[in-house]
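Participant: I'd like to ask some things about the structure below.
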Amino acid sequence: MKEISIVIPVYNSHECVAEISRQIKDAMDKAGLSYEQIMVNDCSRDSSWEEIQKEAESNPNLLGINLRKNGGQDSAILTGLNYAAGKYVVIMDDDLQHSPYDIPKLYEEAKKGFDVVYANFESKKQKLWKNIGSWFNGKISEIALDKPKGIYLSPFKIINCGVVKEMIKFNNLFPYIDGLIFQVTRNITQIDIEHHKRELGKSNYNLIKSIKVFLRMLFGFSTVPLNIASFTGFFSAIVGVVLAIVYAVQYFTGKADVTGWTTLVILILIIGGLILVSLGIIGKYLGQVYLTVNNQPKFIVKDTTRKDS
């Protein structure tokens with residue numbers, strides 16, 4: 001059994017495959033840690049899979065997994081977790097902004113008895129909108145996932161294998177890795193790690209993908225949207241009853257004014273909009289349930305670099 005499994009989702013990052021593999025081997029050898037490197041190609045449109053295959057030929061510790069269709073970063077990570085066999089599992093990005101030389105630091109902290117250790121980046125070498133998005137996602141996670149305040153949901157982390165085994169049991173077609181973690185444990189900490197500037201390739205993460213990840217967290221691991229819809233409907237009903245009483249009193253006391261079409265149209269638009277939003281939220285949950293009960297696979301593996309895997 002390897003001490004550490006390193007799961008890396010790969011998407012259009014052929015420039016980084018060889019370098020990250022070299023750094024991982026060097027870092028693990030210096031730390032004296034046995035490891036396996038699992039690189040999951042999320043149906044890249046470049047030569048990432050060919051680069052992974054090439055590296056696997058000379059590196060027996062590397063397992064490459066090629067997915068049949070693009071499922072997103074979290075789905076690719078979940079695929080890797082299903083193959084991971086180490087006592088601890090490290091999750092990191094493919095762009096070298098997470099340095100392999102920091103893995104031993106996460107490992108040493110995890111050995112103190114923590115189930116999960118996040119890398120906390122005090123200074124992030126990324127675009128401003130990503131920093132704002134991370135902050136907003138963290139605040140929403142405190143409500144939706146009951147995330148402890150002060151914990152940064154970093155994509156660079158190490159997880160105890162016992163937690164991983166429980167995470168992969170969840171039958172969730174729209175996985176959100178941090179959501180799965182908080183479903184299993186609260187024995188979590190973080191340590192300060194340097195966030196590096198991307199030197200090779202370009203980022204594949206855009207605003208649309210970030211929003212999709214946010215929605216996975218919100219709808220896949222929380223009933224907060226349903227609670228908001230219920231509260232809004234209840235509040236609207238209370239306002240309607242109060243206004244009905246006010247208008248009735250004015251009518252019977254002879255103080256009622258002739259209402260115009262503008263007021264009526266505005267009320268219809270507001271109430272109708274709230275109804276449609278509520279139905280949309282309910283439909284989102286029902287859609288996810290429908291796909292789950294129809295046993296749609298969470299991921300589909302096309303090929304691996306080990307024919308016995």
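Letters for chains follow the order of the structure tokens (A, B, ...), residue numbers begin at 1 for each chain, and ligand numbers begin at 1 in the order shown.
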Quick check for you: according to DSSP on this backbone, which residues of stretch 56-125 of chain A are classed as strand (DSSP E)? Reply as a PyMOL selection string.

Facilitator: chain A and resi 62-67+88-91+116-120

Participant: Restricted to N, CA, C and O atoms, what would the selected residues look like written as a tab-separated table (two decimals), in the first residue's frame?

Facilitator:
```
chain	number	residue	atom	x	y	z
A	62	LEU	N	2.92	6.12	-12.06
A	62	LEU	CA	1.91	6.96	-12.68
A	62	LEU	C	0.80	6.11	-13.31
A	62	LEU	O	1.07	5.23	-14.13
A	63	LEU	N	-0.42	6.39	-12.92
A	63	LEU	CA	-1.61	5.77	-13.53
A	63	LEU	C	-2.38	6.86	-14.26
A	63	LEU	O	-2.82	7.84	-13.66
A	64	GLY	N	-2.53	6.70	-15.57
A	64	GLY	CA	-3.31	7.62	-16.36
A	64	GLY	C	-4.70	7.07	-16.61
A	64	GLY	O	-4.86	5.89	-16.90
A	65	ILE	N	-5.70	7.93	-16.49
A	65	ILE	CA	-7.09	7.53	-16.74
A	65	ILE	C	-7.68	8.50	-17.75
A	65	ILE	O	-7.62	9.72	-17.57
A	66	ASN	N	-8.25	7.96	-18.80
A	66	ASN	CA	-8.81	8.77	-19.87
A	66	ASN	C	-10.33	8.64	-19.86
A	66	ASN	O	-10.87	7.54	-20.03
A	67	LEU	N	-11.04	9.74	-19.65
A	67	LEU	CA	-12.50	9.72	-19.59
A	67	LEU	C	-13.10	9.86	-20.99
A	67	LEU	O	-12.54	10.53	-21.85
A	88	TYR	N	-3.06	8.16	2.41
A	88	TYR	CA	-3.52	9.55	2.31
A	88	TYR	C	-3.64	9.89	0.83
A	88	TYR	O	-2.88	9.39	0.00
A	89	VAL	N	-4.60	10.75	0.53
A	89	VAL	CA	-4.83	11.14	-0.87
A	89	VAL	C	-4.68	12.65	-0.99
A	89	VAL	O	-5.38	13.41	-0.31
A	90	VAL	N	-3.78	13.07	-1.85
A	90	VAL	CA	-3.57	14.49	-2.14
A	90	VAL	C	-4.34	14.83	-3.41
A	90	VAL	O	-4.31	14.09	-4.39
A	91	ILE	N	-5.04	15.96	-3.39
A	91	ILE	CA	-5.70	16.48	-4.58
A	91	ILE	C	-5.04	17.80	-4.93
A	91	ILE	O	-4.89	18.68	-4.07
A	116	VAL	N	-8.61	15.87	7.16
A	116	VAL	CA	-8.37	16.68	5.96
A	116	VAL	C	-7.51	17.88	6.34
A	116	VAL	O	-7.75	18.52	7.36
A	117	VAL	N	-6.53	18.17	5.50
A	117	VAL	CA	-5.70	19.36	5.69
A	117	VAL	C	-5.73	20.16	4.39
A	117	VAL	O	-5.32	19.67	3.34
A	118	TYR	N	-6.25	21.37	4.47
A	118	TYR	CA	-6.31	22.27	3.31
A	118	TYR	C	-5.05	23.14	3.26
A	118	TYR	O	-4.50	23.50	4.30
A	119	ALA	N	-4.64	23.48	2.04
A	119	ALA	CA	-3.58	24.47	1.86
A	119	ALA	C	-4.21	25.85	1.85
A	119	ALA	O	-5.07	26.14	1.02
A	120	ASN	N	-3.79	26.70	2.75
A	120	ASN	CA	-4.33	28.05	2.83
A	120	ASN	C	-3.38	29.01	2.12
A	120	ASN	O	-2.23	29.16	2.51
```

Participant: With distances taken over only C-alpha atoms, which residue among A:Ile24, A:Ile140, A:Phe114, A:Pro175 lies nearest A:Val163?

Facilitator: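 Answer, going by the shortest atom-to-atom distance: A:Phe114.
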
Participant: When distances are computed from only C-alpha atoms, which of A:Asn41, A:Leu96, A:Tyr101, A:Gly86 shows the smallest separation from A:Lys25?

Facilitator: A:Tyr101

Participant: Could you name the residues that touch stretch 276-287 of chain A at 8 Å or less, counting only C-alpha atoms, but leaving out those on the same chain fewer than 6 positions away, as a VMD selection string?

Facilitator: chain A and resid 219 225 to 226 229 to 230

Participant: I want to know what sits within 9 Å of A:Arg186, based on only C-alpha atoms, with residues of the same chain fewer than 5 positions away left out; could you give that as JSON, numbers by chain?

Facilitator: {"A": [115, 116, 147, 148, 181]}

Participant: Would you mind exporting C-alpha atoms of the selected residues as an mmCIF file, in the first residue's frame?

Facilitator:
```
data_model
loop_
_atom_site.group_PDB
_atom_site.id
_atom_site.type_symbol
_atom_site.label_atom_id
_atom_site.label_comp_id
_atom_site.auth_asym_id
_atom_site.auth_seq_id
_atom_site.Cartn_x
_atom_site.Cartn_y
_atom_site.Cartn_z
ATOM 1 C CA ASP A 115 -8.889 13.831 8.414
ATOM 2 C CA VAL A 116 -8.374 16.677 5.959
ATOM 3 C CA LYS A 147 -18.147 25.221 6.815
ATOM 4 C CA PRO A 148 -16.094 26.472 9.774
ATOM 5 C CA ILE A 181 -15.793 16.105 2.594
#
```

Participant: Any idea what the distance is between atom CA of A:Ile271 and atom CA of A:Val241?

Facilitator: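 We find that atom CA of A:Ile271 and atom CA of A:Val241 lie 13.5 Å from each other.
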
Participant: At a cut-off of 12 Å, using only C-alpha atoms, what residues contact A:Met39? Leave out same-chain residues fewer than 6 positions from it and give the result as number ranges by chain.

Facilitator: A: 5-11, 13-14, 16-18, 20-21, 48-53, 55-56, 61-67, 73, 76-81, 83-84, 90-94, 304-305

Participant: Restricting the calculation to only C-alpha atoms, which member of A:Phe170, A:Ala27, A:Val184, A:Ile143 is positioned closest to A:Asn227?

Facilitator: A:Ile143

Participant: If you measure from atom CA of A:Ser44 to atom CA of A:His98, what distance in Å do you get, rounded to one decimal?

Facilitator: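 Interatomic distance, atom CA of A:Ser44 to atom CA of A:His98: 20.3 Å.
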
Participant: Taking only C-alpha atoms into account, name the residue in A:Met1, A:Met28, A:Leu145, A:Leu33 that is nearest to A:Val224.

Facilitator: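 Smallest distance to A:Val224 is found for A:Leu145.
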
Participant: Between atom CA of A:Asn59 and atom CA of A:Asn160, what is the distance, to one decimal in Å?

Facilitator: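 So the answer is 24.7 Å.
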
Participant: For each of A:Thr232, A:Thr189, A:Asn171, A:Gln23, take the minimum atom-to-atom distance to A:Ile103, counting only C-alpha atoms, then give the residue where this is smallest.

Facilitator: A:Gln23
